[in-house]
Every structure is written in structure tokens, then in C-alpha cells.
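**Q** Dropping a structure here in C-alpha cells format, bear with me for questions.
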Amino acid sequence: MTSQEYQSNFDLRVSEYDALLRSLIAVARLQLPEEIKGVYGPGEPYDFYRDLNSLIVTTTKDIFLVDAYLNEEVFNLYVGKVPDNATVRILSSNKIGPNVVTVARMYATNRPLELRSSADIHDRTVFFDQRGWVIGQSIKDAARKKPTYLIELDEPLLRAARDIYDGIWAAAAVVI
């Protein structure tokens, strides 16, 4: 092997190791939650809040929140904790309250946020980057008086659910 071939081979290895190191650092920055409880009994709204927030803060690109029964509390407890670089899409029912619209508009003045409404949703789902969860109760009421759950979707259900809600989103009425 010539010295030029050796140097070229060495440079290739260094760039491969550099790419691997950058990938590992990116994964470490995600700081994924150690464990999501997943099932919450009546009177455990803080456990639900803690677990959902642990997912929200790991978002790097986008959040897509589907909940037919939103209130402005969702912004204070959850949406306000979305990292600055992530976009937020919220899909709710046709009965979005005026307080939700007002708070969403204020939030959207400084951050990327879209709010749409549709009569075609009922269940609660949230997608963070390439992951997704189904939620038993509306986020505003989760585990206050009744049990609920937060269960991660795996493929192929994740892709199927995302495709369905993306289709509803595309046809939904733009609120903000």
C-alpha cells in the first residue's frame, strides 16, 4: 500500500468514526425517558403529566397532537414545553373554545404552530417526530377522576395511524 493509499484509507476511517460519534451524541441528547408508566389510575394526573412531558421535551422536529376536547391548559402544561426548534400541529374538534384560539394565537406569534378543526376525530393521539402514542382520555382530564393510558404505537400501526390523521389534517378547517 502506498502512503497516499494509506492516507486516503485513514481519512475514510476517521470520517466514518466522526459520523458515528456525531450519531451517538445526537442520540444521547434525546434523553429519552427511562420508563413511561403507561397506565394511570383515578387521581394520578401528575404521573400522566410527568410522563407526557418527558416525551414532549425529547421532540426534535415536530409534534402532532390530536384531541377533540382541548382547553387552554394544554398550552400551559404541554405545548409551552415543546423545544423551540420543533413545529406544533394541533387537531381538535369543531368545538374549539375561544380561549383555546386566543392562547394558540399568542403562542403562534413566537413559535411555529398550526391549529385545525375537524368533526372526524374522537380519539386522542400524539406523534413526536417518528414515534406515536394513543391516549385514553382527553389530555385535559387525563387520570383526574377516571383511569387512562398512554401507549406507544409500533409499526405497522404507527404508520397507519399517522397516515389516517395526516389525511384528516389535510382536510380539516384551518383555525390558525
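Residue names in the C-alpha cells use chain letters A, B, ... in the order shown, residue numbers from 1 in each chain, and ligand numbers from 1 in the order shown.
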Tell me which protein, DNA and RNA residues are within 10 Å of Tyr49 in chain A, counting only C-alpha atoms, leaving out same-chain ones fewer than 5 positions away, and put them as JSON, numbers by chain.

**A** {"A": [44, 54, 77, 78, 139, 140, 142, 143]}

**Q** I'd like the contact shell of range 116-119 of chain A - 10 Å cut-off, only C-alpha atoms, skipping same-chain residues fewer than 3 positions apart - returned as a ChimeraX atom specification.

**A** /A:66-68,89-96,122,168-176

**Q** At a cut-off of 12 Å, using only C-alpha atoms, what residues contact Glu155 in chain A? Leave out same-chain residues fewer than 3 positions from it and give the result as a ChimeraX atom specification.

**A** /A:130-133,152,158-162

**Q** Only N, CA and C atoms, please: the residues just picked out, written as a CSV table (one decimal), in the first residue's frame.

**A**
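Written file, selection_1.csv:
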```csv
chain,number,residue,atom,x,y,z
A,130,GLN,N,-40.8,10.6,15.0
A,130,GLN,CA,-41.1,9.4,14.3
A,130,GLN,C,-41.8,8.4,15.3
A,131,ARG,N,-42.3,8.9,16.4
A,131,ARG,CA,-43.0,8.0,17.4
A,131,ARG,C,-44.4,8.5,17.6
A,132,GLY,N,-45.2,7.6,18.1
A,132,GLY,CA,-46.6,8.0,18.4
A,132,GLY,C,-47.3,7.2,19.5
A,133,TRP,N,-48.2,7.8,20.2
A,133,TRP,CA,-48.9,7.2,21.3
A,133,TRP,C,-50.4,7.5,21.2
A,152,GLU,N,-47.5,3.5,23.5
A,152,GLU,CA,-46.8,3.7,22.3
A,152,GLU,C,-47.2,2.8,21.2
A,158,LEU,N,-48.2,2.4,13.8
A,158,LEU,CA,-47.7,3.8,13.9
A,158,LEU,C,-47.9,4.4,12.5
A,159,ARG,N,-47.4,3.8,11.5
A,159,ARG,CA,-47.6,4.4,10.1
A,159,ARG,C,-49.0,4.5,9.7
A,160,ALA,N,-49.8,3.5,10.0
A,160,ALA,CA,-51.2,3.5,9.6
A,160,ALA,C,-52.0,4.7,10.4
A,161,ALA,N,-51.7,4.8,11.7
A,161,ALA,CA,-52.4,5.9,12.4
A,161,ALA,C,-51.9,7.3,11.9
A,162,ARG,N,-50.6,7.4,11.7
A,162,ARG,CA,-50.1,8.7,11.2
A,162,ARG,C,-50.7,9.1,9.9
```

**Q** Near Val82 in chain A, within 6 Å and counting only C-alpha atoms, which residues show up once chain neighbours fewer than 2 positions away are dropped, as a PyMOL selection string?

**A** chain A and resi 56-57+79-80

**Q** Using only N, CA, C and O atoms, please write the residues we just selected to a file, as a PDB file, in the first residue's frame.

**A**
```pdb
ATOM      1  N   ILE A  56     -42.482  15.069  25.436  1.00  0.00           N
ATOM      2  CA  ILE A  56     -42.520  16.359  24.733  1.00  0.00           C
ATOM      3  C   ILE A  56     -41.134  16.984  24.653  1.00  0.00           C
ATOM      4  O   ILE A  56     -40.727  17.481  23.601  1.00  0.00           O
ATOM      5  N   VAL A  57     -40.393  16.978  25.741  1.00  0.00           N
ATOM      6  CA  VAL A  57     -39.089  17.652  25.749  1.00  0.00           C
ATOM      7  C   VAL A  57     -38.052  16.940  24.893  1.00  0.00           C
ATOM      8  O   VAL A  57     -37.018  17.525  24.581  1.00  0.00           O
ATOM      9  N   VAL A  79     -47.789  22.206  25.535  1.00  0.00           N
ATOM     10  CA  VAL A  79     -47.290  22.836  24.315  1.00  0.00           C
ATOM     11  C   VAL A  79     -46.187  23.845  24.623  1.00  0.00           C
ATOM     12  O   VAL A  79     -45.217  23.967  23.878  1.00  0.00           O
ATOM     13  N   GLY A  80     -46.297  24.533  25.732  1.00  0.00           N
ATOM     14  CA  GLY A  80     -45.273  25.503  26.112  1.00  0.00           C
ATOM     15  C   GLY A  80     -43.917  24.885  26.388  1.00  0.00           C
ATOM     16  O   GLY A  80     -42.911  25.590  26.421  1.00  0.00           O
TER      17      GLY A  80
END
```

**Q** Would you list, as a count of residues only, the residues of chain A that end up in strand (DSSP E) under DSSP run on this structure's backbone?

**A** 35

**Q** For each of A:Gly41, A:Ile135, A:Asn71, A:Tyr46, take the minimum atom-to-atom distance to Thr102 in chain A, counting only C-alpha atoms, then give the residue where this is smallest.

**A**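 Checking each of A:Gly41, A:Ile135, A:Asn71, A:Tyr46 against Thr102 in chain A, counting only C-alpha atoms, the winner is A:Asn71.
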
**Q** Using backbone DSSP assignments, extract all alpha helix (DSSP H) residues from range 96-158 of chain A; output them as a list of chain:residue names.

**A**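 Secondary structure check on range 96-158 of chain A, alpha helix (DSSP H): A:Pro98, A:Asn99, A:Val100, A:Val101, A:Thr102, A:Val103, A:Ala104, A:Arg105, A:Met106, A:Tyr107, A:Ala108, A:Leu157, A:Leu158.
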
**Q** Can I get the selection written as a CSV table (one decimal), in the first residue's frame, with N, CA and C atoms?

**A**
```
chain,number,residue,atom,x,y,z
A,98,PRO,N,-63.2,29.6,22.5
A,98,PRO,CA,-62.5,30.9,22.1
A,98,PRO,C,-61.2,31.1,22.9
A,99,ASN,N,-61.1,30.6,24.2
A,99,ASN,CA,-59.9,30.7,25.0
A,99,ASN,C,-58.8,29.9,24.3
A,100,VAL,N,-59.1,28.7,23.8
A,100,VAL,CA,-58.0,27.9,23.1
A,100,VAL,C,-57.5,28.7,21.9
A,101,VAL,N,-58.4,29.3,21.1
A,101,VAL,CA,-58.0,30.0,19.9
A,101,VAL,C,-57.1,31.2,20.3
A,102,THR,N,-57.5,31.9,21.4
A,102,THR,CA,-56.8,33.1,21.8
A,102,THR,C,-55.4,32.7,22.3
A,103,VAL,N,-55.3,31.6,23.1
A,103,VAL,CA,-54.0,31.2,23.6
A,103,VAL,C,-53.1,30.6,22.4
A,104,ALA,N,-53.7,29.9,21.5
A,104,ALA,CA,-53.0,29.4,20.4
A,104,ALA,C,-52.4,30.5,19.5
A,105,ARG,N,-53.2,31.6,19.3
A,105,ARG,CA,-52.7,32.7,18.5
A,105,ARG,C,-51.5,33.4,19.2
A,106,MET,N,-51.6,33.5,20.5
A,106,MET,CA,-50.5,34.1,21.3
A,106,MET,C,-49.2,33.3,21.2
A,107,TYR,N,-49.4,32.0,21.3
A,107,TYR,CA,-48.3,31.0,21.2
A,107,TYR,C,-47.7,31.1,19.8
A,108,ALA,N,-48.5,31.2,18.8
A,108,ALA,CA,-48.1,31.2,17.4
A,108,ALA,C,-47.3,32.4,17.0
A,157,LEU,N,-48.7,-0.2,13.0
A,157,LEU,CA,-49.8,0.6,13.5
A,157,LEU,C,-49.4,2.1,13.5
A,158,LEU,N,-48.2,2.4,13.8
A,158,LEU,CA,-47.7,3.8,13.9
A,158,LEU,C,-47.9,4.4,12.5
```
